[in-house]
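Source file: run.txt (compact mmCIF, C-alpha atoms and all ligand atoms)
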```txt
# COMPACT_ATOMS: atom_id res chain seq x y z
CA MET A 1 98.41 -102.44 -157.71
CA ILE A 2 96.14 -99.56 -156.70
CA ILE A 3 92.77 -100.54 -155.33
CA LEU A 4 89.70 -98.30 -155.29
CA TYR A 5 87.16 -99.26 -152.61
CA LEU A 6 83.66 -97.91 -153.31
CA ASP A 7 80.40 -97.59 -151.45
CA GLU A 8 77.13 -95.79 -152.15
CA SER A 9 74.84 -93.46 -150.24
CA GLY A 10 71.40 -92.00 -150.96
CA VAL A 11 69.81 -95.12 -152.46
CA HIS A 12 66.56 -94.69 -150.46
CA SER A 13 63.75 -93.02 -152.37
CA ASP A 14 63.50 -89.84 -150.25
CA ALA A 15 67.17 -88.96 -150.84
CA LYS A 16 67.55 -86.13 -153.35
CA THR A 17 71.17 -87.01 -154.08
CA PHE A 18 72.90 -90.24 -154.96
CA VAL A 19 76.57 -90.65 -154.06
CA LEU A 20 79.22 -93.16 -155.06
CA SER A 21 82.51 -92.62 -153.29
CA GLY A 22 85.59 -94.25 -151.89
CA LEU A 23 89.29 -94.35 -151.39
CA ALA A 24 92.09 -95.49 -153.70
CA VAL A 25 95.10 -96.98 -151.92
CA PHE A 26 98.35 -98.70 -152.82
CA GLU A 27 98.20 -102.35 -151.89
CA ARG A 28 100.78 -101.93 -149.13
CA GLU A 29 98.68 -99.22 -147.45
CA ILE A 30 95.77 -101.61 -146.86
CA HIS A 31 97.63 -103.05 -143.89
CA TRP A 32 97.93 -99.63 -142.21
CA PHE A 33 94.28 -98.69 -142.67
CA THR A 34 93.26 -102.07 -141.31
CA GLN A 35 95.53 -101.67 -138.32
CA ASP A 36 94.09 -98.20 -137.63
CA LEU A 37 90.52 -99.46 -137.60
CA ASP A 38 91.47 -102.44 -135.48
CA ALA A 39 93.05 -99.97 -133.03
CA ILE A 40 89.83 -97.95 -132.93
CA GLN A 41 87.88 -101.09 -132.13
CA ALA A 42 90.34 -101.91 -129.32
CA LYS A 43 90.02 -98.35 -127.97
CA TYR A 44 86.21 -98.15 -127.92
CA PHE A 45 85.31 -101.83 -127.52
CA PRO A 46 88.17 -103.42 -125.55
CA ASN A 47 86.05 -106.44 -124.64
CA VAL A 48 84.83 -107.34 -128.13
CA THR A 49 87.08 -109.90 -129.81
CA GLU A 50 85.08 -110.43 -133.04
CA PRO A 51 85.71 -107.78 -135.74
CA ILE A 52 83.08 -105.03 -135.55
CA GLU A 53 81.73 -103.73 -138.85
CA PHE A 54 81.78 -99.93 -138.69
CA HIS A 55 78.97 -98.10 -140.49
CA VAL A 56 78.55 -94.41 -139.86
CA SER A 57 74.75 -94.43 -140.27
CA GLN A 58 74.42 -97.00 -137.46
CA LEU A 59 76.49 -94.82 -135.15
CA ARG A 60 74.23 -91.84 -135.83
CA ARG A 61 70.79 -93.37 -135.45
CA PRO A 62 68.39 -91.94 -132.85
CA GLU A 63 69.35 -92.90 -129.30
CA ASP A 64 66.80 -95.74 -128.95
CA LYS A 65 67.70 -97.29 -132.33
CA ILE A 66 71.47 -97.70 -131.97
CA PRO A 67 72.37 -101.32 -132.75
CA LYS A 68 74.78 -103.45 -130.75
CA PRO A 69 77.62 -103.05 -129.90
CA PHE A 70 77.47 -99.29 -130.57
CA ASP A 71 74.70 -98.84 -127.98
CA SER A 72 77.28 -99.41 -125.24
CA LEU A 73 78.80 -95.99 -126.02
CA THR A 74 77.48 -92.59 -125.00
CA LYS A 75 76.44 -90.21 -127.76
CA GLU A 76 79.63 -88.20 -127.20
CA ARG A 77 81.84 -91.31 -127.47
CA ARG A 78 80.09 -92.32 -130.69
CA ARG A 79 80.72 -88.85 -132.08
CA GLN A 80 84.41 -89.17 -131.15
CA LEU A 81 84.63 -92.57 -132.81
CA VAL A 82 83.21 -91.21 -136.07
CA ASP A 83 85.64 -88.27 -135.90
CA ASP A 84 88.57 -90.63 -135.27
CA ILE A 85 87.76 -92.57 -138.45
CA TYR A 86 87.44 -89.40 -140.53
CA LYS A 87 90.83 -88.28 -139.23
CA ILE A 88 92.39 -91.56 -140.37
CA ILE A 89 91.05 -90.90 -143.88
CA ARG A 90 92.53 -87.39 -143.77
CA HIS A 91 95.96 -88.36 -142.50
CA ARG A 92 96.74 -91.68 -144.14
CA ARG A 93 97.91 -92.01 -147.73
CA GLY A 94 94.75 -92.59 -149.70
CA VAL A 95 93.20 -90.72 -152.62
CA LEU A 96 89.53 -89.85 -152.45
CA PHE A 97 87.03 -90.11 -155.31
CA ALA A 98 83.34 -89.19 -155.29
CA VAL A 99 80.45 -88.53 -157.61
CA ALA A 100 77.38 -86.76 -156.22
CA ILE A 101 74.37 -86.76 -158.55
CA GLU A 102 71.17 -84.84 -158.05
CA LYS A 103 68.54 -87.45 -158.86
CA ALA A 104 66.28 -84.85 -160.49
CA TRP A 105 69.15 -84.11 -162.87
CA ALA A 106 69.93 -87.74 -163.54
CA TRP A 107 66.51 -89.31 -164.09
CA ALA A 108 65.81 -87.00 -167.02
CA ARG A 109 68.86 -88.58 -168.66
CA GLU A 110 69.87 -91.96 -167.28
CA ASP A 111 70.23 -94.18 -164.22
CA PRO A 112 72.20 -92.26 -161.56
CA TYR A 113 74.05 -95.37 -160.40
CA GLU A 114 75.26 -96.26 -163.88
CA ARG A 115 76.32 -92.70 -164.57
CA ALA A 116 78.17 -92.45 -161.24
CA PHE A 117 79.91 -95.76 -161.82
CA GLU A 118 81.00 -94.84 -165.32
CA GLU A 119 82.26 -91.44 -164.18
CA LEU A 120 84.23 -92.93 -161.27
CA THR A 121 85.70 -95.75 -163.32
CA ASN A 122 86.96 -93.24 -165.81
CA ARG A 123 88.36 -90.85 -163.18
CA PHE A 124 90.17 -93.68 -161.45
CA ASP A 125 91.61 -94.95 -164.72
CA LEU A 126 92.88 -91.45 -165.54
CA TYR A 127 94.47 -91.24 -162.08
CA VAL A 128 96.33 -94.53 -162.53
CA ARG A 129 97.49 -93.48 -165.99
CA ARG A 130 98.71 -90.15 -164.61
CA LEU A 131 100.77 -91.98 -161.98
CA ASN A 132 102.18 -94.30 -164.62
CA ALA A 133 103.19 -91.34 -166.78
CA GLN A 134 105.09 -89.86 -163.80
CA THR A 135 106.89 -93.10 -162.88
CA PRO A 136 106.88 -95.36 -165.96
CA GLU A 137 109.44 -97.66 -164.31
CA HIS A 138 106.79 -98.66 -161.71
CA GLU A 139 103.75 -99.30 -163.84
CA GLN A 140 100.63 -99.74 -161.72
CA ARG A 141 97.30 -101.39 -162.45
CA GLY A 142 94.01 -100.38 -160.91
CA LEU A 143 91.35 -102.61 -159.39
CA ILE A 144 87.87 -101.61 -158.21
CA VAL A 145 86.27 -103.27 -155.18
CA VAL A 146 82.61 -102.41 -154.56
CA ALA A 147 80.53 -103.00 -151.44
CA GLU A 148 77.86 -105.57 -152.28
CA SER A 149 74.50 -103.98 -152.97
CA SER A 150 71.26 -104.48 -154.80
CA TYR A 151 72.91 -103.05 -157.90
CA ARG A 152 75.40 -105.86 -158.15
CA ASP A 153 74.00 -107.62 -161.22
CA ARG A 154 73.76 -104.47 -163.27
CA LEU A 155 77.20 -103.30 -162.25
CA GLU A 156 78.77 -106.60 -163.18
CA ILE A 157 77.46 -106.17 -166.69
CA LEU A 158 78.63 -102.56 -166.74
CA GLY A 159 82.03 -103.53 -165.40
CA ARG A 160 82.55 -106.02 -168.20
CA LYS A 161 81.47 -103.45 -170.72
CA PHE A 162 83.92 -100.84 -169.40
CA ARG A 163 86.74 -103.33 -169.19
CA GLY A 164 86.25 -104.30 -172.79
CA GLY A 165 86.20 -100.90 -174.32
CA ALA A 166 84.97 -97.36 -174.39
CA THR A 167 83.30 -95.19 -171.81
CA ARG A 168 81.75 -91.86 -172.61
CA TRP A 169 85.09 -90.09 -172.10
CA GLY A 170 87.65 -92.42 -173.52
CA MET A 171 89.13 -95.84 -173.16
CA ILE A 172 89.71 -97.68 -169.91
CA ARG A 173 93.35 -98.69 -170.10
CA ALA A 174 94.89 -99.13 -166.67
CA LEU A 175 92.40 -101.37 -164.88
CA ALA A 176 93.43 -104.95 -164.26
CA ASP A 177 90.05 -106.66 -164.18
CA VAL A 178 86.29 -106.24 -163.81
CA PRO A 179 85.11 -104.83 -160.44
CA PHE A 180 84.93 -107.21 -157.50
CA PHE A 181 81.90 -107.27 -155.22
CA VAL A 182 82.69 -107.93 -151.59
CA PRO A 183 80.63 -107.73 -148.36
CA ALA A 184 81.70 -104.75 -146.24
CA SER A 185 82.23 -107.05 -143.27
CA ASN A 186 85.16 -108.67 -145.08
CA THR A 187 87.39 -105.63 -145.44
CA ARG A 188 88.08 -102.56 -143.31
CA LEU A 189 88.65 -100.53 -146.48
CA LEU A 190 85.02 -100.92 -147.54
CA GLN A 191 84.02 -99.61 -144.11
CA ILE A 192 86.26 -96.59 -144.82
CA ALA A 193 84.45 -96.20 -148.17
CA ASP A 194 81.14 -96.17 -146.25
CA PHE A 195 82.41 -93.19 -144.24
CA CYS A 196 83.56 -91.41 -147.41
CA ALA A 197 80.21 -91.90 -149.15
CA ASN A 198 78.35 -90.65 -146.08
CA ALA A 199 80.45 -87.52 -145.74
CA VAL A 200 79.84 -86.61 -149.39
CA TYR A 201 76.14 -87.43 -149.08
CA GLY A 202 75.86 -85.24 -145.96
CA ARG A 203 77.48 -82.36 -147.79
CA TYR A 204 75.37 -82.59 -150.94
CA ASN A 205 72.04 -83.85 -149.68
CA GLY A 206 71.81 -82.04 -146.36
CA GLY A 207 74.36 -79.24 -146.39
CA TYR A 208 76.16 -80.89 -143.45
CA THR A 209 79.81 -80.11 -144.15
CA ARG A 210 81.70 -81.14 -141.01
CA ASP A 211 82.78 -84.64 -142.10
CA PHE A 212 83.28 -83.57 -145.71
CA ASP A 213 85.61 -80.74 -144.66
CA ILE A 214 87.83 -83.16 -142.72
CA ILE A 215 88.42 -85.43 -145.71
CA ALA A 216 88.17 -82.91 -148.59
CA PRO A 217 91.98 -82.40 -148.86
CA ARG A 218 92.27 -86.05 -149.95
CA PHE A 219 90.34 -85.70 -153.23
CA ASP A 220 92.45 -86.55 -156.24
CA ARG A 221 93.97 -83.31 -157.48
CA GLU A 222 96.70 -81.86 -159.63
CA GLU A 223 97.77 -78.58 -158.05
CA SER A 224 94.53 -76.57 -157.79
CA ARG A 225 92.54 -78.76 -160.14
CA ILE A 226 90.35 -81.33 -158.43
CA HIS A 227 89.72 -84.44 -160.50
CA GLY A 228 88.37 -86.65 -157.74
CA LEU A 229 85.05 -84.90 -157.04
CA THR A 230 82.22 -84.62 -159.56
CA HIS A 231 78.88 -82.97 -158.86
CA LEU A 232 76.14 -83.39 -161.46
CA CYS A 233 73.21 -81.08 -160.76
CA ASN A 234 70.68 -78.65 -162.23
CA ASP A 235 72.32 -75.59 -160.69
CA SER A 236 74.54 -74.14 -163.41
CA GLU A 237 76.03 -71.69 -160.89
CA CYS A 238 76.84 -74.21 -158.16
CA GLN A 239 79.88 -73.03 -156.18
CA CYS A 240 80.91 -76.35 -154.68
CA LEU A 241 84.48 -77.66 -154.79
CA GLY A 242 83.72 -80.05 -157.65
CA CYS A 243 81.78 -77.61 -159.85
CA LEU A 244 84.26 -74.76 -159.35
CA SER A 245 87.15 -76.98 -160.35
CA ARG A 246 85.26 -78.22 -163.40
CA ALA A 247 84.52 -74.67 -164.49
ZN ZN A 301 78.40 -78.42 -157.36
```
As structure tokens - that is how I would like this structure written.
Ligand SMILES: [Zn+2]
Amino acid sequence: MIILYLDESGVHSDAKTFVLSGLAVFEREIHWFTQDLDAIQAKYFPNVTEPIEFHVSQLRRPEDKIPKPFDSLTKERRRQLVDDIYKIIRHRRGVLFAVAIEKAWAWAREDPYERAFEELTNRFDLYVRRLNAQTPEHEQRGLIVVAESSYRDRLEILGRKFRGGATRWGMIRALADVPFFVPASNTRLLQIADFCANAVYGRYNGGYTRDFDIIAPRFDREESRIHGLTHLCNDSECQCLGCLSRA
């Protein structure tokens, strides 16, 4: 089984870009990611025994608005912690997927969340089918796990629709079931997805590329062609990684 963990960024109304992103991992890799994040907790919070839910936006709030237990760290230590997590994403065996949608582009056509979800479902399905074509003796199935959000009801309907048949680009064939909705506190991999979504959002909404550049080598790709990153925008000459590869 290959599991794609997804989270969103840019839902608030003043965000110009909406992002859905996350990491696809083989089931046996989940253990290693979990162990890595547990080790980060032990390194930065040696006295906290309850699992800490890591969210990058909480670690980057203004100094007087940092929630517990992150407020026990200096700004520099918080920066290091965020970097440590991005380095895990870069160096462990996971495959990154993201859709960044300019809301001005999307609203003229359709709901950005639905479009992003359909696009990602299809990309992930194609990835699993590509793997299966390479190693038919180890046929894999894909499963999508989404961080719980206000979009849950609509996505459940969408998920059933996709499972049962056609998307805009083809047929979903390699997914095992409808998407599962899980609170981010329950799995370390959804916290990783939160970091992925934030890095992509930073790159596309604010031009902040540092986090994105660390994890960019992990986007699903075949040689020079990047399948894992889609940018939907009004700029027909956009030179970003996703648009260049699409062209
Ligand atoms: Zn672009």
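Comparing A:Ala176, A:Ala116, A:Ala100, A:Ile215 by their smallest distance to ligand ZN 301 (chain A), the closest is A:Ala100 (using only C-alpha atoms and all ligand atoms).
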Give me the residues within 12 Å of Thr34 in chain A as a list in words, counting only C-alpha atoms and dropping any in the same chain fewer than 2 places off.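 Within the cut-off, the hits are Val25, Glu27, Arg28, Glu29, Ile30, His31, Trp32, Asp36, Leu37, Asp38, Ala39, Ile40, Gln41, Pro51, Glu53, Phe54, Ile85, Ile88, Ile89, Arg92, Asn186, Thr187, Arg188, Leu189, Leu190, Gln191 and Ile192 of chain A.
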As number ranges by chain, please: every protein or nucleic acid residue near ligand ZN 301 (chain A) (cut-off 6 Å, counting all atoms listed in the file). A: 231, 238-240, 242-243
Selected residue of minimal separation from Phe26 in chain A among A:Val95, A:Asp64, A:Asp14, A:Ser224, counting all atoms listed in the file: A:Val95
Which residues are near range 140-150 of chain A? Cut-off 6 Å, only C-alpha atoms, ignore same chain within fewer than 5 positions. Put them as a PyMOL selection string. chain A and resi 1-7+174-176+179-184
Grab the CA of Pro62 in chain A to CA of Leu81 in chain A distance for me, in Å with one decimal place.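 Taking CA of Pro62 in chain A as the start and CA of Leu81 in chain A as the end point, the length is 16.3 Å.
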Atomic distance CA of Arg129 in chain A - CA of Pro217 in chain A, expressed in Å with one decimal: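 CA of Arg129 in chain A sits 21.1 Å away from CA of Pro217 in chain A.
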Selected residue, from A:Asp194, A:Glu102, A:Glu76, A:Glu8, that lies nearest to Ser57 in chain A when counting all atoms listed in the file: A:Asp194
re CA of Val11 in chain A and CA of Phe117 in chain A: distance 13.8 Å
Between A:Lys65, A:Arg221, A:Arg123, A:Arg60, which has the minimum distance to Arg79 in chain A (counting all atoms listed in the file)? A:Arg60
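Closest approach to Ser9 in chain A among A:Glu237, A:Phe195, A:Phe212, A:Glu50 is made by A:Phe195 (distances from only C-alpha atoms).
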Every residue with an atom at most 12 Å from (80.8, -86.5, -131.3) (file coordinates; only C-alpha atoms) is what I'm after, so could you write them as a list in words?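 Residues with an atom close enough to that point: Val56, Leu59, Arg60, Leu73, Thr74, Lys75, Glu76, Arg77, Arg78, Arg79, Gln80, Leu81, Val82, Asp83, Asp84, Ile85, Tyr86, Arg210 and Asp211 of chain A.
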Could you give me the axis-aligned bounding box of range 72-87 of chain A, with 6 Å of padding per side, as centre plus edge lengths in Å to one decimal, as JSON?
```
{"center_x": 83.6, "center_y": -93.8, "center_z": -132.8, "size_x": 26.4, "size_y": 23.2, "size_z": 27.5}
```
Distance query Leu241 in chain A at most 9 Å, only C-alpha atoms, self and fewer than 4 positions along chain excluded, as a PyMOL selection string: chain A and resi 216+226+229-231+245-246
Filled-in N, CA and C atoms of range 41-52 of chain A, supplied as a short mmCIF file (atom, residue, chain, number, x, y, z; two decimals), in the frame of the given file:
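Final output, selection27.cif:
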```cif
data_model
loop_
_atom_site.label_atom_id
_atom_site.label_comp_id
_atom_site.auth_asym_id
_atom_site.auth_seq_id
_atom_site.Cartn_x
_atom_site.Cartn_y
_atom_site.Cartn_z
N GLN A 41 88.73 -100.10 -132.80
CA GLN A 41 87.88 -101.09 -132.13
C GLN A 41 88.41 -101.39 -130.74
N ALA A 42 89.74 -101.59 -130.62
CA ALA A 42 90.34 -101.91 -129.32
C ALA A 42 90.15 -100.76 -128.32
N LYS A 43 90.17 -99.52 -128.85
CA LYS A 43 90.02 -98.35 -127.97
C LYS A 43 88.59 -98.23 -127.44
N TYR A 44 87.60 -98.39 -128.32
CA TYR A 44 86.21 -98.15 -127.92
C TYR A 44 85.49 -99.41 -127.44
N PHE A 45 85.97 -100.57 -127.89
CA PHE A 45 85.31 -101.83 -127.52
C PHE A 45 86.36 -102.85 -127.07
N PRO A 46 87.04 -102.56 -125.96
CA PRO A 46 88.17 -103.42 -125.55
C PRO A 46 87.75 -104.86 -125.25
N ASN A 47 86.47 -105.08 -125.01
CA ASN A 47 86.05 -106.44 -124.64
C ASN A 47 85.48 -107.24 -125.80
N VAL A 48 85.39 -106.62 -126.98
CA VAL A 48 84.83 -107.34 -128.13
C VAL A 48 85.98 -107.94 -128.94
N THR A 49 85.98 -109.24 -129.09
CA THR A 49 87.08 -109.90 -129.81
C THR A 49 86.77 -110.11 -131.30
N GLU A 50 85.47 -110.29 -131.63
CA GLU A 50 85.08 -110.43 -133.04
C GLU A 50 85.23 -109.08 -133.74
N PRO A 51 85.63 -109.07 -135.03
CA PRO A 51 85.71 -107.78 -135.74
C PRO A 51 84.35 -107.09 -135.81
N ILE A 52 84.31 -105.82 -135.46
CA ILE A 52 83.08 -105.03 -135.55
C ILE A 52 83.05 -104.32 -136.90
#
```
